[in-house]
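Here the structure is laid out as structure tokens; the discussion comes afterwards.
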Amino acid sequence: MIGSDIIRGHLESVILKLIIEKEMYGYEISNCITSRTKSKFEIKEATLYSVVARLQKKELITSYIGEKSYGGKRRYYRITPLGKAYYEQKQLEWVELKSVLETLLEDKS
Amino acid sequence: MRKIENFVKHTFKDVPKEEKVELIESVTQSLIEKVEDLMENGMTEQKAIDKTVLEFGTAEDFFNTSKKSSKKDKRKKTLAHYKNDLLFSVIGSIIIIAILVYTNLYFLENTIWFVIPSIGILWWPLTILYNLLNKKESRKEDDNE
């Protein structure tokens, strides 16, 4: 189980990425994160919604009310062009960071 | 669903007014969506609500990602306040003790009684100093995190 502190700075990218793949509503996002990481990381709803609210404020995503395939209404989130550009930037940063950390932390035996 | 709404309202009761309404509305809606999803998967309403509330976390989780800087400003201010408090208490106790010494020497020069109340008064700056040191220590810990 990964602590939320260490992943915090990347949550924006994670959520943007998931929304780029498919328009989702809140609980779907958190479910998706849990199932993809096989419960190694579970996002707290409180954290998720604060990140989502911030992304919305920065106009990186927008929301609309949509019908679910069976029944109920859900607030779906959709990526904006700005959000996509932001994500691509973050993606580059991540590749960089990954290689830096690998160089520094990897065991060279 | 009333329960969810109350829970969210309670969680964010200290949020500044301008964002409060919007925040409560959007979070409530998202949580209700979750409850509905859980119920579609066969949970009873009561269980679904409990699970949602339990898994939500706290308002601290919510603000940890966005409000860190403003919290820090506030803390620095209190530390400066504590220093002012200390200064005030030191000057205050010096004045009181001086008056005691004067009264003592002027009216009853043979018995040295001013020491006794002075010891009592000294607890004032000592307590403030203790508070200040504690505050500093906890600030150090916070910064190390």
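Chain labels A, B, ... are given in the sequence in which chains occur in the structure tokens; within each chain residues are numbered consecutively from 1, and ligands are likewise numbered from 1 in the order shown.
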
Could you make a table, as a tab-separated table, of the residues of chain B that have an atom within 12 Å of an atom of chain A, each with its nearest atom pair and distance in Å to one decimal, counting only C-alpha atoms, in chain and number order?
residue	atom	partner	partner_atom	distance
B:Val8	CA	A:Ala46	CA	10.3
B:Thr11	CA	A:Ala46	CA	10.1
B:Phe12	CA	A:Ala46	CA	10.8
B:Glu19	CA	A:Ala53	CA	10.8
B:Glu22	CA	A:Ala53	CA	10.0
B:Leu23	CA	A:Ala53	CA	8.1
B:Ile24	CA	A:Tyr49	CA	10.8
B:Glu25	CA	A:Tyr49	CA	11.7
B:Ser26	CA	A:Tyr49	CA	8.6
B:Val27	CA	A:Tyr49	CA	6.8
B:Thr28	CA	A:Tyr49	CA	10.4
B:Gln29	CA	A:Arg75	CA	7.9
B:Ser30	CA	A:Gly26	CA	5.9
B:Leu31	CA	A:Tyr27	CA	7.7
B:Ile32	CA	A:Arg74	CA	9.4
B:Glu33	CA	A:Arg74	CA	6.5
B:Lys34	CA	A:Tyr27	CA	5.5
B:Val35	CA	A:Tyr27	CA	9.3
B:Glu36	CA	A:Gly72	CA	7.9
B:Asp37	CA	A:Tyr27	CA	8.3
B:Leu38	CA	A:Tyr27	CA	9.9
B:Met39	CA	A:Gly72	CA	11.6
B:Glu40	CA	A:Tyr70	CA	9.7
B:Lys51	CA	A:Glu45	CA	11.5
B:Thr52	CA	A:Glu45	CA	8.7
B:Val53	CA	A:Glu45	CA	9.5
B:Leu54	CA	A:Lys44	CA	9.9
B:Glu55	CA	A:Lys44	CA	6.5
B:Phe56	CA	A:Glu45	CA	4.8
B:Gly57	CA	A:Ala46	CA	5.7
B:Thr58	CA	A:Ala46	CA	6.6
B:Ala59	CA	A:Ala46	CA	6.9
B:Glu60	CA	A:Ala46	CA	8.4
B:Asp61	CA	A:Thr47	CA	5.6
B:Phe62	CA	A:Ala46	CA	4.8
B:Phe63	CA	A:Ser50	CA	7.1
B:Asn64	CA	A:Thr47	CA	8.0
B:Thr65	CA	A:Arg8	CA	7.2
B:Ser66	CA	A:Ser50	CA	7.6
B:Lys67	CA	A:Ser50	CA	10.3
B:Glu145	CA	A:Asp5	CA	10.1

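Using only C-alpha atoms, the protein and nucleic acid residues lying no more than 8 Å from Ile79 (chain A), apart from those fewer than 6 places from it along its own chain, are Leu16, Ile19, Ile20, Glu23, Leu60, Ile61 and Thr62 of chain A.
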
Keeping only N, CA and C atoms, take the residues you just selected and write them out as a PDB file, in the first residue's frame.
ATOM      1  N   LEU A  16      -6.061  13.037 -14.918  1.00  0.00           N
ATOM      2  CA  LEU A  16      -6.177  13.515 -16.308  1.00  0.00           C
ATOM      3  C   LEU A  16      -6.063  12.349 -17.281  1.00  0.00           C
ATOM      4  N   ILE A  19      -9.166  10.286 -17.423  1.00  0.00           N
ATOM      5  CA  ILE A  19     -10.278  10.962 -18.093  1.00  0.00           C
ATOM      6  C   ILE A  19     -10.031  11.081 -19.594  1.00  0.00           C
ATOM      7  N   ILE A  20      -8.769  11.184 -19.979  1.00  0.00           N
ATOM      8  CA  ILE A  20      -8.461  11.212 -21.412  1.00  0.00           C
ATOM      9  C   ILE A  20      -8.883   9.884 -22.052  1.00  0.00           C
ATOM     10  N   GLU A  23     -14.379   9.203 -20.599  1.00  0.00           N
ATOM     11  CA  GLU A  23     -15.071  10.131 -19.716  1.00  0.00           C
ATOM     12  C   GLU A  23     -15.665   9.353 -18.552  1.00  0.00           C
ATOM     13  N   LEU A  60      -8.922  22.515 -16.776  1.00  0.00           N
ATOM     14  CA  LEU A  60      -8.282  21.395 -17.458  1.00  0.00           C
ATOM     15  C   LEU A  60      -9.303  20.291 -17.747  1.00  0.00           C
ATOM     16  N   ILE A  61     -10.376  20.264 -16.962  1.00  0.00           N
ATOM     17  CA  ILE A  61     -11.483  19.347 -17.248  1.00  0.00           C
ATOM     18  C   ILE A  61     -12.798  20.106 -17.092  1.00  0.00           C
ATOM     19  N   THR A  62     -13.831  19.597 -17.740  1.00  0.00           N
ATOM     20  CA  THR A  62     -15.174  20.152 -17.524  1.00  0.00           C
ATOM     21  C   THR A  62     -16.085  19.009 -17.129  1.00  0.00           C
TER      22      THR A  62
END

Interatomic distance, CA of Phe114 (chain B) to CA of Ile96 (chain B) (Å, one decimal): 10.4 Å

Who sits within 10 Å of Lys83 (chain B), only C-alpha atoms, same chain under 5 positions skipped, as a PyMOL selection string: chain B and resi 78+88-89+128-129+131-133

If you keep C-alpha atoms, can you produce a file of those selected residues as an mmCIF file, in the first residue's frame?
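Result went into out.cif, see below:
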data_model
loop_
_atom_site.group_PDB
_atom_site.id
_atom_site.type_symbol
_atom_site.label_atom_id
_atom_site.label_comp_id
_atom_site.auth_asym_id
_atom_site.auth_seq_id
_atom_site.Cartn_x
_atom_site.Cartn_y
_atom_site.Cartn_z
ATOM 1 C CA THR B 78 1.282 32.761 15.800
ATOM 2 C CA PHE B 88 4.891 41.639 27.315
ATOM 3 C CA SER B 89 5.013 39.193 30.208
ATOM 4 C CA ILE B 128 4.850 32.030 28.189
ATOM 5 C CA LEU B 129 8.433 30.958 27.551
ATOM 6 C CA ASN B 131 4.591 27.893 25.350
ATOM 7 C CA LEU B 132 6.968 29.589 22.942
ATOM 8 C CA LEU B 133 9.504 26.758 23.116
#

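Excluding region 136-138 of chain B and any residue on its chain fewer than 4 positions from it, the residues at most 10 Å away by only C-alpha atoms are Lys76, Leu79, Tyr82, Tyr130, Asn131, Leu132, Asp142, Asp143 and Asn144 of chain B.
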
Could the residues in this selection be saved with C-alpha atoms as a PDB file, in the first residue's frame?
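Done, and the output landed in again.pdb:
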ATOM      1  CA  LYS B  76       4.372  31.951  11.368  1.00  0.00           C
ATOM      2  CA  LEU B  79       4.973  32.234  16.496  1.00  0.00           C
ATOM      3  CA  TYR B  82       4.124  34.167  21.091  1.00  0.00           C
ATOM      4  CA  TYR B 130       7.369  27.335  27.871  1.00  0.00           C
ATOM      5  CA  ASN B 131       4.591  27.893  25.350  1.00  0.00           C
ATOM      6  CA  LEU B 132       6.968  29.589  22.942  1.00  0.00           C
ATOM      7  CA  ASP B 142       6.169  20.059  10.880  1.00  0.00           C
ATOM      8  CA  ASP B 143       8.950  21.328   8.669  1.00  0.00           C
ATOM      9  CA  ASN B 144      10.783  18.026   8.859  1.00  0.00           C
TER      10      ASN B 144
END

Ile119 (chain B) environment, 12 Å, only C-alpha atoms, sequence neighbours closer than 6 positions dropped, as a ChimeraX atom specification: /B:93-94,96-97,100,113,125-126

Write a file of the selected residues as a compact mmCIF listing (two decimals), in the first residue's frame, keeping C-alpha atoms.
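Result went into again33.txt, see below:
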# COMPACT_ATOMS: atom_id res chain seq x y z
CA SER B 93 6.46 41.18 35.67
CA ILE B 94 9.48 43.51 35.97
CA ILE B 96 5.14 44.53 39.22
CA ILE B 97 8.24 43.27 41.00
CA LEU B 100 6.78 45.31 45.22
CA TRP B 113 8.69 39.89 52.00
CA PRO B 125 6.87 34.83 31.90
CA LEU B 126 7.99 31.25 32.56
